[in-house]
>>> print(open('model_0.tsv').read())   # TSV, C-alpha atoms
chain	number	residue	atom	x	y	z
A	1	MET	CA	-122.21	-140.75	-13.45
A	2	VAL	CA	-122.61	-138.14	-10.72
A	3	GLU	CA	-122.93	-139.64	-7.25
A	4	THR	CA	-125.00	-137.98	-4.57
A	5	PHE	CA	-123.62	-137.28	-1.11
A	6	ASP	CA	-125.62	-140.18	0.34
A	7	GLN	CA	-124.34	-142.63	-2.27
A	8	MET	CA	-120.73	-141.64	-1.58
A	9	THR	CA	-121.01	-141.99	2.19
A	10	GLU	CA	-123.59	-144.73	2.77
A	11	ASP	CA	-121.12	-147.48	3.74
A	12	ILE	CA	-119.30	-145.24	6.24
A	13	VAL	CA	-122.39	-143.67	7.83
A	14	SER	CA	-123.99	-147.08	8.39
A	15	HIS	CA	-120.86	-148.65	9.93
A	16	PRO	CA	-121.34	-149.48	13.65
A	17	LEU	CA	-118.07	-147.80	14.70
A	18	PHE	CA	-119.04	-144.62	12.88
A	19	GLN	CA	-122.49	-144.74	14.49
A	20	GLN	CA	-120.76	-144.67	17.90
A	21	LEU	CA	-119.73	-141.08	17.17
A	22	ARG	CA	-123.32	-140.09	17.98
A	23	THR	CA	-122.48	-140.51	21.68
A	24	CYS	CA	-119.33	-138.35	21.66
A	25	ASP	CA	-119.70	-134.67	22.59
A	26	HIS	CA	-117.92	-132.26	20.28
A	27	HIS	CA	-117.42	-128.49	20.28
A	28	GLY	CA	-119.67	-127.96	23.26
A	29	GLY	CA	-123.36	-127.26	23.34
A	30	GLU	CA	-125.57	-130.03	22.02
A	31	ASN	CA	-123.28	-131.18	19.21
A	32	SER	CA	-121.92	-134.70	18.67
A	33	LEU	CA	-118.86	-135.91	16.78
A	34	TYR	CA	-121.24	-137.66	14.37
A	35	ILE	CA	-123.05	-134.40	13.54
A	36	HIS	CA	-119.73	-132.55	13.18
A	37	SER	CA	-118.35	-135.22	10.83
A	38	VAL	CA	-121.46	-135.35	8.63
A	39	ASP	CA	-121.71	-131.54	8.47
A	40	THR	CA	-118.01	-131.27	7.56
A	41	ALA	CA	-118.43	-133.89	4.83
A	42	LYS	CA	-121.46	-132.06	3.40
A	43	CYS	CA	-119.54	-128.78	3.42
A	44	ALA	CA	-116.53	-130.43	1.72
A	45	TYR	CA	-118.84	-132.02	-0.87
A	46	ARG	CA	-120.36	-128.61	-1.69
A	47	LEU	CA	-116.92	-126.95	-1.87
A	48	ALA	CA	-115.57	-129.68	-4.15
A	49	ARG	CA	-118.57	-129.26	-6.47
A	50	TYR	CA	-118.14	-125.46	-6.36
A	51	PHE	CA	-114.47	-125.81	-7.37
A	52	HIS	CA	-115.43	-128.24	-10.19
A	53	LEU	CA	-113.27	-131.12	-9.00
A	54	ARG	CA	-113.43	-134.34	-11.00
A	55	GLU	CA	-115.99	-136.84	-9.71
A	56	GLU	CA	-113.42	-139.21	-8.16
A	57	ARG	CA	-111.85	-136.30	-6.27
A	58	VAL	CA	-115.25	-135.07	-5.03
A	59	ARG	CA	-115.82	-138.59	-3.71
A	60	ALA	CA	-112.35	-138.71	-2.15
A	61	VAL	CA	-112.64	-135.41	-0.28
A	62	THR	CA	-116.20	-136.13	0.85
A	63	ARG	CA	-115.23	-139.50	2.33
A	64	ALA	CA	-112.05	-138.07	3.88
A	65	ALA	CA	-114.10	-135.29	5.48
A	66	LEU	CA	-116.53	-137.81	6.92
A	67	LEU	CA	-113.61	-139.69	8.52
A	68	HIS	CA	-111.42	-136.75	9.56
A	69	ASP	CA	-112.26	-137.08	13.29
A	70	PHE	CA	-112.62	-140.88	13.37
A	71	PHE	CA	-109.85	-141.19	15.99
A	72	GLY	CA	-111.63	-143.64	18.29
A	73	TYR	CA	-110.96	-142.41	21.81
A	74	ASP	CA	-112.44	-139.94	24.27
A	75	TRP	CA	-109.82	-137.21	24.62
A	76	HIS	CA	-111.75	-135.79	27.60
A	77	SER	CA	-111.41	-139.03	29.56
A	78	GLU	CA	-109.22	-139.51	32.58
A	79	GLU	CA	-107.56	-142.47	30.83
A	80	TYR	CA	-106.40	-140.25	27.96
A	81	LYS	CA	-105.17	-137.55	30.34
A	82	GLN	CA	-103.30	-140.17	32.39
A	83	ARG	CA	-101.59	-141.56	29.28
A	84	LEU	CA	-100.57	-138.02	28.25
A	85	ARG	CA	-99.04	-137.42	31.68
A	86	GLY	CA	-96.57	-140.20	30.91
A	87	TYR	CA	-94.77	-137.89	28.49
A	88	ARG	CA	-92.64	-134.84	29.23
A	89	GLY	CA	-91.69	-131.70	27.36
A	90	TRP	CA	-91.98	-131.71	23.58
A	91	GLN	CA	-93.23	-135.33	23.45
A	92	ARG	CA	-96.18	-134.44	25.64
A	93	PHE	CA	-96.93	-131.38	23.53
A	94	VAL	CA	-96.99	-133.21	20.17
A	95	ARG	CA	-99.16	-136.00	21.59
A	96	MET	CA	-101.89	-133.59	22.66
A	97	HIS	CA	-105.21	-134.27	20.94
A	98	ALA	CA	-105.24	-131.20	18.67
A	99	PHE	CA	-101.86	-132.14	17.20
A	100	ALA	CA	-102.18	-135.93	17.04
A	101	HIS	CA	-105.77	-136.88	16.29
A	102	GLY	CA	-105.55	-136.38	12.52
A	103	ALA	CA	-102.87	-139.04	12.13
A	104	ARG	CA	-104.74	-141.38	14.48
A	105	ALA	CA	-108.00	-140.88	12.56
A	106	ALA	CA	-106.24	-141.52	9.24
A	107	ARG	CA	-104.71	-144.80	10.47
A	108	ARG	CA	-108.01	-146.00	11.93
A	109	ALA	CA	-110.05	-145.00	8.87
A	110	HIS	CA	-107.53	-146.60	6.51
A	111	GLY	CA	-107.77	-149.87	8.41
A	112	LEU	CA	-111.54	-150.01	7.92
A	113	PHE	CA	-112.20	-148.13	4.67
A	114	HIS	CA	-108.92	-148.42	2.70
A	115	LEU	CA	-108.14	-144.77	2.02
A	116	ASP	CA	-106.08	-143.69	-0.96
A	117	GLN	CA	-102.94	-141.60	-0.43
A	118	ARG	CA	-104.69	-138.26	-1.03
A	119	GLN	CA	-107.48	-139.04	1.45
A	120	TYR	CA	-104.99	-140.21	4.06
A	121	ALA	CA	-102.91	-137.04	3.66
A	122	ALA	CA	-106.02	-134.85	3.83
A	123	ILE	CA	-107.12	-136.38	7.14
A	124	VAL	CA	-103.63	-136.13	8.64
A	125	SER	CA	-103.33	-132.43	7.75
A	126	HIS	CA	-106.89	-131.23	8.46
A	127	MET	CA	-105.80	-129.45	11.66
A	128	PHE	CA	-103.33	-127.17	9.83
A	129	PRO	CA	-101.56	-125.09	11.21
A	130	LEU	CA	-101.37	-127.52	14.16
A	131	ALA	CA	-100.77	-130.39	11.73
A	132	PRO	CA	-98.63	-130.83	8.61
A	133	PHE	CA	-99.07	-128.45	5.69
A	134	PRO	CA	-101.91	-129.57	3.35
A	135	ARG	CA	-100.32	-130.70	0.07
A	136	ASN	CA	-103.28	-131.53	-2.18
A	137	SER	CA	-106.64	-130.01	-3.09
A	138	GLU	CA	-108.55	-132.58	-1.00
A	139	ALA	CA	-106.50	-131.59	2.06
A	140	TRP	CA	-107.14	-127.88	1.53
A	141	ILE	CA	-110.86	-128.39	0.99
A	142	LEU	CA	-111.14	-130.62	4.07
A	143	THR	CA	-109.20	-128.12	6.18
A	144	LEU	CA	-111.45	-125.27	5.00
A	145	ALA	CA	-114.66	-127.27	5.52
A	146	ASP	CA	-113.60	-128.28	9.03
A	147	LYS	CA	-112.82	-124.67	9.97
A	148	ILE	CA	-116.17	-123.44	8.58
A	149	VAL	CA	-118.19	-126.08	10.43
A	150	ALA	CA	-116.20	-125.80	13.68
A	151	SER	CA	-116.62	-122.01	13.68
A	152	LYS	CA	-120.38	-122.39	13.26
A	153	GLU	CA	-120.50	-125.01	16.04
A	154	MET	CA	-118.42	-122.96	18.44
A	155	SER	CA	-120.66	-119.93	17.86
A	156	ALA	CA	-123.73	-122.07	18.54
A	157	ALA	CA	-122.08	-123.52	21.67
A	158	LEU	CA	-121.30	-120.04	22.95
A	159	GLY	CA	-124.97	-119.08	22.48
A	160	TYR	CA	-126.05	-122.30	24.22
A	161	HIS	CA	-123.85	-121.58	27.25
A	162	MET	CA	-124.85	-117.91	27.35
A	163	ARG	CA	-128.55	-118.87	27.39
A	164	ARG	CA	-127.92	-121.34	30.23
A	165	TRP	CA	-125.99	-118.69	32.18
A	166	TYR	CA	-128.73	-116.11	31.57
A	167	ARG	CA	-131.48	-118.46	32.77
A	168	ARG	CA	-129.47	-119.39	35.89
A	169	GLU	CA	-128.10	-115.99	36.86
A	170	VAL	CA	-130.30	-113.26	35.43
A	171	ALA	CA	-133.77	-114.59	34.78
A	172	GLN	CA	-134.31	-115.94	38.30
>>> encode(input="model_0.tsv", output="structure tokens")
Amino acid sequence: MVETFDQMTEDIVSHPLFQQLRTCDHHGGENSLYIHSVDTAKCAYRLARYFHLREERVRAVTRAALLHDFFGYDWHSEEYKQRLRGYRGWQRFVRMHAFAHGARAARRAHGLFHLDQRQYAAIVSHMFPLAPFPRNSEAWILTLADKIVASKEMSAALGYHMRRWYRREVAQ
């Protein structure tokens, strides 16, 4: 039986901790981590269908994509920055959000949603080349979907900030 996107993701999307992502800003502009995660999962779902993956692998990559940024902390906060300052040199570098959040998200998601090995690996490597090399099709599809969605979001954020600047500086 072919599952729809909503059927595959219903338990995650309705979870209270996942709902908290609605309050987390992401990629500037008016975007939230919740919107980014859902959009990435929808993109991964479409890519998996396009590449004719088996149904269980479509489900796996879709759910992994939904959880890829489920890291559970505000990396913009002073608390996070203070913790990072406790490290020096290479240790500080590898603990920076861009390098470390995939592994953190995978551990957190696994604790709540019991990921399989392929899903876990896909989440850990989704930030390639800043993260480990993707080693399965789910990881490559998730990485691609995240880059597509993030590029769209960053373009929209740039337009948002340019409009604000224009209204403030030029249109006065």
>>> closest_residue(input="model_0.tsv", among="A:Leu130, A:Ala48, A:Val170, A:Val149", to="A:Leu33", atoms="all atoms listed in the file")
A:Val149
>>> residues_around(input="model_0.tsv", residues="A:Ala139", least_positions_apart="3", cutoff="10 Å", atoms="only C-alpha atoms", output="VMD selection string")
chain A and resid 61 64 to 65 118 to 128 133 to 136 142 to 145
>>> residues_around(input="model_0.tsv", residues="stretch 17-23 of chain A", least_positions_apart="5", cutoff="8 Å", atoms="only C-alpha atoms", output="ChimeraX atom specification")
/A:12,32-35,70
>>> residues_around(input="model_0.tsv", residues="A:Thr4", least_positions_apart="4", cutoff="12 Å", atoms="all atoms listed in the file", output="list in words")
Met8, Thr9, Glu10, Lys42, Tyr45, Arg46, Arg49, Glu55, Val58, Arg59 and Thr62 of chain A
>>> axis_aligned_box(input="model_0.tsv", around="stretch 109-128 of chain A", padding_each_side="3 Å", output="JSON")
{"center_x": -107.6, "center_y": -138.6, "center_z": 5.3, "size_x": 15.3, "size_y": 28.8, "size_z": 18.7}
>>> closest_residue(input="model_0.tsv", among="A:Asp25, A:Asp11, A:Asp6, A:Glu56", to="A:Glu138", atoms="only C-alpha atoms")
A:Glu56
>>> atom_distance(input="model_0.tsv", atom1="atom CA of A:Ser151", atom2="atom CA of A:Ser37")
13.6 Å
>>> atom_distance(input="model_0.tsv", atom1="atom CA of A:Val38", atom2="atom CA of A:Arg107")
19.3 Å
>>> closest_residue(input="model_0.tsv", among="A:Arg92, A:His76, A:Lys147, A:Arg168", to="A:Cys43", atoms="all atoms listed in the file")
A:Lys147
>>> closest_residue(input="model_0.tsv", among="A:Arg95, A:Arg54, A:Arg108, A:Arg85", to="A:Gly72", atoms="only C-alpha atoms")
A:Arg108
>>> closest_residue(input="model_0.tsv", among="A:Glu169, A:Asp69, A:Asp116, A:Glu3", to="A:Arg104", atoms="all atoms listed in the file")
A:Asp69
>>> atom_distance(input="model_0.tsv", atom1="atom CA of A:Ala150", atom2="atom CA of A:Asp39")
9.5 Å
